[in-house]
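input_13.txt follows (compact mmCIF, C-alpha atoms):
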# COMPACT_ATOMS: atom_id res chain seq x y z
CA MET U 259 0.00 0.00 0.00
CA ASP U 260 1.25 3.50 -0.80
CA GLU U 261 2.11 5.74 2.10
CA ILE U 262 1.51 9.48 1.81
CA ILE U 263 4.45 11.64 2.90
CA THR U 264 4.22 15.43 2.98
CA LEU U 265 7.04 17.63 1.74
CA LYS U 266 8.50 20.29 3.96
CA GLU U 267 11.96 21.23 2.64
CA ASN U 268 12.66 23.71 -0.15
CA ARG U 269 14.89 21.30 -2.14
CA ASP U 270 12.08 18.72 -2.18
CA PHE U 271 9.67 21.29 -3.60
CA HIS U 272 12.14 22.28 -6.33
CA ARG U 273 12.47 18.63 -7.38
CA LEU U 274 8.69 18.28 -7.30
CA TYR U 275 8.13 21.37 -9.50
CA HIS U 276 10.23 19.82 -12.26
CA ARG U 277 9.30 16.13 -12.03
CA GLY U 278 5.90 15.97 -10.35
CA ARG U 279 2.33 16.63 -11.37
CA SER U 280 0.38 19.64 -10.19
CA TYR U 281 -3.31 20.15 -9.53
CA ALA U 282 -4.53 23.71 -9.05
CA SER U 283 -7.63 25.25 -7.51
CA PRO U 284 -8.31 28.93 -6.83
CA LEU U 285 -6.98 28.68 -3.25
CA LEU U 286 -4.23 26.06 -3.34
CA VAL U 287 -1.95 24.03 -5.56
CA SER U 288 -1.14 20.37 -4.87
CA TYR U 289 2.00 18.72 -6.20
CA VAL U 290 2.30 14.93 -6.32
CA LEU U 291 5.26 12.67 -7.05
CA LYS U 292 5.77 8.96 -6.48
CA ASN U 293 9.22 7.95 -5.24
CA ARG U 294 11.22 4.75 -5.85
CA ARG U 295 9.78 2.99 -2.82
CA GLY U 296 6.27 3.52 -4.16
CA ASP U 297 5.34 6.13 -1.58
CA VAL U 298 3.38 9.17 -2.73
CA ARG U 299 4.97 12.54 -1.88
CA ILE U 300 2.54 15.45 -1.60
CA GLY U 301 3.32 19.16 -1.40
CA ILE U 302 0.63 21.77 -0.82
CA THR U 303 1.07 25.49 -1.45
CA THR U 304 -1.58 28.05 -0.58
CA GLY U 305 -2.09 31.56 -1.89
CA LYS U 306 -2.58 34.77 0.00
CA LYS U 307 -6.30 34.67 -0.75
CA ILE U 308 -6.70 32.34 2.24
CA GLY U 309 -5.27 34.92 4.64
CA LYS U 310 -2.13 35.64 6.55
CA ALA U 311 0.60 33.06 7.23
CA VAL U 312 -1.07 31.61 10.34
CA LEU U 313 -4.29 30.85 8.46
CA ARG U 314 -2.44 29.43 5.44
CA ASN U 315 -0.38 27.11 7.66
CA ARG U 316 -3.51 26.00 9.53
CA ALA U 317 -5.29 25.25 6.25
CA ARG U 318 -2.36 23.10 5.07
CA ARG U 319 -2.26 21.20 8.35
CA ILE U 320 -5.99 20.49 8.18
CA ILE U 321 -5.70 19.21 4.61
Could you quickly redo this structure as structure tokens?
Amino acid sequence: MDEIITLKENRDFHRLYHRGRSYASPLLVSYVLKNRRGDVRIGITTGKKIGKAVLRNRARRII
């Protein structure tokens, strides 16, 4: 079974931007990439439309 692992480091996001797939909505963008072990790596970025940094971080944690 695939395990979902969230991305947190900048270098992981840069790799994901070039090799992964992205799915966009008006409030957030999700990036997905499968690694060699078969795990799914997910990165979520949110825009300023959600609010200030505290609200954006809370929204990402809830997702």
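Residues with any atom within 10 Å of U:Lys292, counting only C-alpha atoms and excluding same-chain neighbours fewer than 2 positions away, are Asp260, Glu261, Ile262, Ile263, Leu274, Arg277, Gly278, Arg279, Val290, Arg294, Arg295, Gly296, Asp297, Val298, Arg299 and Ile300 of chain U.
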Would you export the selected residues with C-alpha atoms as a compact mmCIF listing (two decimals), keeping the file's coordinate frame, please?
# COMPACT_ATOMS: atom_id res chain seq x y z
CA ASP U 260 1.25 3.50 -0.80
CA GLU U 261 2.11 5.74 2.10
CA ILE U 262 1.51 9.48 1.81
CA ILE U 263 4.45 11.64 2.90
CA LEU U 274 8.69 18.28 -7.30
CA ARG U 277 9.30 16.13 -12.03
CA GLY U 278 5.90 15.97 -10.35
CA ARG U 279 2.33 16.63 -11.37
CA VAL U 290 2.30 14.93 -6.32
CA ARG U 294 11.22 4.75 -5.85
CA ARG U 295 9.78 2.99 -2.82
CA GLY U 296 6.27 3.52 -4.16
CA ASP U 297 5.34 6.13 -1.58
CA VAL U 298 3.38 9.17 -2.73
CA ARG U 299 4.97 12.54 -1.88
CA ILE U 300 2.54 15.45 -1.60
Atom CA of U:Phe271 and atom CA of U:Lys306, how far apart in Å?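 Taking atom CA of U:Lys306 and atom CA of U:Phe271, their separation equals 18.6 Å.
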d(atom CA of U:Val312, atom CA of U:Tyr281) in Å: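 So the answer is 23.0 Å.
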Computed interatomic separation between atom CA of U:Ile302 and atom CA of U:Arg318 (Å):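 Going from atom CA of U:Ile302 over to atom CA of U:Arg318, I get 6.7 Å.
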Residues at most 12 Å from U:Ala317, counting all atoms listed in the file, excluding those fewer than 4 positions away in the same chain, as a ChimeraX atom specification? /U:285-286,302-313,321
